[in-house]
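**Q** One structure is given below, represented as structure tokens, and several questions about it will come after.
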Amino acid sequence: MKRISVIGLLSALALTAATVTVASPAQAAVGDILCTVPSKDSSTYSPPLGLTPAATTVTITRDLSTCTSLSVPAITSAPVTVHTVTIPSYSCLTLLNSAPTTISFTWNNGATTVVTGTRIVNLAAAVLTTTVTGTVTSGLFAGDTVVYQLIAPATDVLACTLGLGTVSRIDSIATLAIN
């Protein structure tokens, strides 16, 4: 049996390693926009939501104040916007349902992004988490995917679902990622 020298074997391995091309891992796509805390989203209900469904007017005040965009560096925020809608039958229980949704963001440079997606609500412990996932259907970043997440204290919502109170307002911190 032939004996292979350790030096010869190491040299052969080094040469092989030097000639093998290793593919680098795929790089994550640079996001079109990321908005983080202290961005916020608030909803007020008039009259307040109770356990029994009733008509209510919802006023949504959205202020994405800390945004970064590598593809459109001029965007730094989606300043305060107010949207009001009347819902004919809504309660603190239906507030927790998943539902299709459309959201419009107007950026500080005047451009608009319209998102169509699904809202999923999770009530755990004393935290209400609402996540909208979808696609930009028109405007800036059309075709991109979207995750918009709101996190709020849920004390009033919990009390309402037990029939022990109402929900007049939900104040959330917000994050938005468009890729």
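A note on labels: chains of the structure tokens are A, B, ... as shown, every chain counts residues from 1, and ligands are counted from 1 in their shown order.
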Can you write out as a Markdown table which residues of segment 78-178 of chain A fall within 7 Å of segment 50-63 of chain A, alongside each residue's closest atom pair and its distance in Å to one decimal, counting only C-alpha atoms and ordering rows by chain and ascending residue number?

**A**
| residue | atom | partner | partner_atom | distance |
| --- | --- | --- | --- | --- |
| A:Ala78 | CA | A:Asp63 | CA | 6.2 |
| A:Pro79 | CA | A:Asp63 | CA | 5.3 |
| A:Val80 | CA | A:Asp63 | CA | 4.3 |
| A:Thr81 | CA | A:Arg62 | CA | 5.4 |
| A:Val82 | CA | A:Thr61 | CA | 4.5 |
| A:His83 | CA | A:Ile60 | CA | 5.2 |
| A:Thr84 | CA | A:Thr59 | CA | 4.4 |
| A:Val85 | CA | A:Val58 | CA | 5.4 |
| A:Thr86 | CA | A:Thr57 | CA | 4.2 |
| A:Ile87 | CA | A:Thr56 | CA | 5.5 |
| A:Pro88 | CA | A:Ala55 | CA | 4.1 |
| A:Ser89 | CA | A:Ala54 | CA | 4.6 |
| A:Tyr90 | CA | A:Pro53 | CA | 4.6 |
| A:Ser91 | CA | A:Pro53 | CA | 4.5 |
| A:Cys92 | CA | A:Gly50 | CA | 5.8 |
| A:Leu93 | CA | A:Leu51 | CA | 6.6 |
| A:Cys160 | CA | A:Leu51 | CA | 6.1 |
| A:Thr161 | CA | A:Leu51 | CA | 6.1 |
| A:Gly163 | CA | A:Leu51 | CA | 5.8 |
| A:Gly165 | CA | A:Gly50 | CA | 6.9 |
| A:Thr166 | CA | A:Gly50 | CA | 4.8 |
| A:Val167 | CA | A:Gly50 | CA | 6.7 |

**Q** Could you tell me, as a PyMOL selection string, which residues of segment 39-165 of chain A DSSP assigns to alpha helix (DSSP H) when given the backbone?

**A** chain A and resi 155-161

**Q** Next, dump the selected residues to file, keeping only C-alpha atoms, as a PDB file, in the first residue's frame.

**A**
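Final file, out-v8.pdb:
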ATOM      1  CA  THR A 155     -57.308  46.592  28.229  1.00  0.00           C
ATOM      2  CA  ASP A 156     -60.465  48.257  26.847  1.00  0.00           C
ATOM      3  CA  VAL A 157     -60.869  45.632  24.109  1.00  0.00           C
ATOM      4  CA  LEU A 158     -60.579  42.785  26.640  1.00  0.00           C
ATOM      5  CA  ALA A 159     -63.116  44.429  28.963  1.00  0.00           C
ATOM      6  CA  CYS A 160     -65.495  45.007  26.043  1.00  0.00           C
ATOM      7  CA  THR A 161     -65.324  41.385  24.854  1.00  0.00           C
TER       8      THR A 161
END

**Q** For each of A:Val146, A:Ala111, A:Leu123, A:Leu64, take the minimum atom-to-atom distance to Leu95 of chain A, counting only C-alpha atoms, then give the residue where this is smallest.

**A**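 Distance minimum relative to Leu95 of chain A lands on A:Leu123.
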
**Q** When DSSP works through the backbone of this structure, what residues of chain A end up as strand (DSSP E or B), shown as a ChimeraX atom specification?

**A** /A:33-35,40-49,54-64,67-68,78-90,99-106,112-124,127-139,145-153,167-178

**Q** Please provide the set of residues having any atom within 10 Å of Lys40 of chain A, restricted to only C-alpha atoms, with same-chain residues fewer than 3 positions apart removed, written as a ChimeraX atom specification.

**A** /A:35-37,61-66,80,150-152,171-175

**Q** Can those selected residues be exported to a file as an mmCIF file, in the first residue's frame so that it contains C-alpha atoms?

**A**
data_model
loop_
_atom_site.group_PDB
_atom_site.id
_atom_site.type_symbol
_atom_site.label_atom_id
_atom_site.label_comp_id
_atom_site.auth_asym_id
_atom_site.auth_seq_id
_atom_site.Cartn_x
_atom_site.Cartn_y
_atom_site.Cartn_z
ATOM 1 C CA CYS A 35 -41.263 53.057 8.675
ATOM 2 C CA THR A 36 -40.630 52.431 12.361
ATOM 3 C CA VAL A 37 -41.474 53.714 15.832
ATOM 4 C CA THR A 61 -55.351 59.082 12.226
ATOM 5 C CA ARG A 62 -52.105 57.756 10.757
ATOM 6 C CA ASP A 63 -48.679 59.372 11.223
ATOM 7 C CA LEU A 64 -45.692 57.451 9.868
ATOM 8 C CA SER A 65 -43.037 59.842 11.071
ATOM 9 C CA THR A 66 -39.849 57.802 10.791
ATOM 10 C CA VAL A 80 -50.617 62.832 9.441
ATOM 11 C CA LEU A 150 -49.992 47.918 14.668
ATOM 12 C CA ILE A 151 -49.452 47.087 18.337
ATOM 13 C CA ALA A 152 -51.677 48.545 21.055
ATOM 14 C CA ASP A 171 -53.720 53.998 19.972
ATOM 15 C CA SER A 172 -51.093 51.839 18.253
ATOM 16 C CA ILE A 173 -47.433 52.053 17.466
ATOM 17 C CA ALA A 174 -46.913 51.267 13.780
ATOM 18 C CA THR A 175 -44.324 49.712 11.514
#

**Q** Out of A:Ile178, A:Thr116, A:Val121, A:Thr76, which residue has the shortest atom-to-atom distance to Asn97 of chain A when counting only C-alpha atoms?

**A**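 Using only C-alpha atoms, the shortest distance to Asn97 of chain A belongs to A:Val121.
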
**Q** Check the smallest atom-to-atom distance from each of A:Ile75, A:Ile170, A:Ala154, A:Leu176 to Thr133 of chain A using only C-alpha atoms, then report the winner.

**A**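 Counting only C-alpha atoms, the residue closest to Thr133 of chain A is A:Leu176.
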
**Q** Using only C-alpha atoms, which residues sit within 7 Å of Gly134 of chain A once same-chain residues fewer than 6 positions away are excluded, as an NGL selection string?

**A** :A and (115-118 or 145-147)

**Q** Identify, on the basis of only C-alpha atoms, every residue whose closest approach to Val114 of chain A does not exceed 9 Å; exclude the query and any residue fewer than 6 positions from it along the same chain; express the result as a ChimeraX atom specification.

**A** /A:102-106,135-140,142

**Q** When you look at Asp32 of chain A with a cut-off of 10 Å (counting only C-alpha atoms), what residues show up, excluding the ones that are within fewer than 5 positions of it in the same chain? I need them as JSON, numbers by chain.

**A** {"A": [68, 69, 70, 71, 72, 73, 140, 141, 144, 145, 177, 178, 179]}

**Q** Hey, can you check how far atom CA of Ser98 of chain A sits from atom CA of Ile120 of chain A?

**A**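 Atom CA of Ile120 of chain A lies at a distance of 4.6 Å from atom CA of Ser98 of chain A.
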
**Q** Between atom CA of Thr113 of chain A and atom CA of Gly143 of chain A, what is the spacing in Å?

**A**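 Result for atom CA of Gly143 of chain A versus atom CA of Thr113 of chain A: 10.5 Å, one decimal.
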
**Q** Using only C-alpha atoms, which of the listed residues (A:Thr94, A:Ser168, A:Ala99, A:Ala125) sits closest to Tyr45 of chain A?

**A**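 Closest to Tyr45 of chain A of all the choices is A:Ser168.
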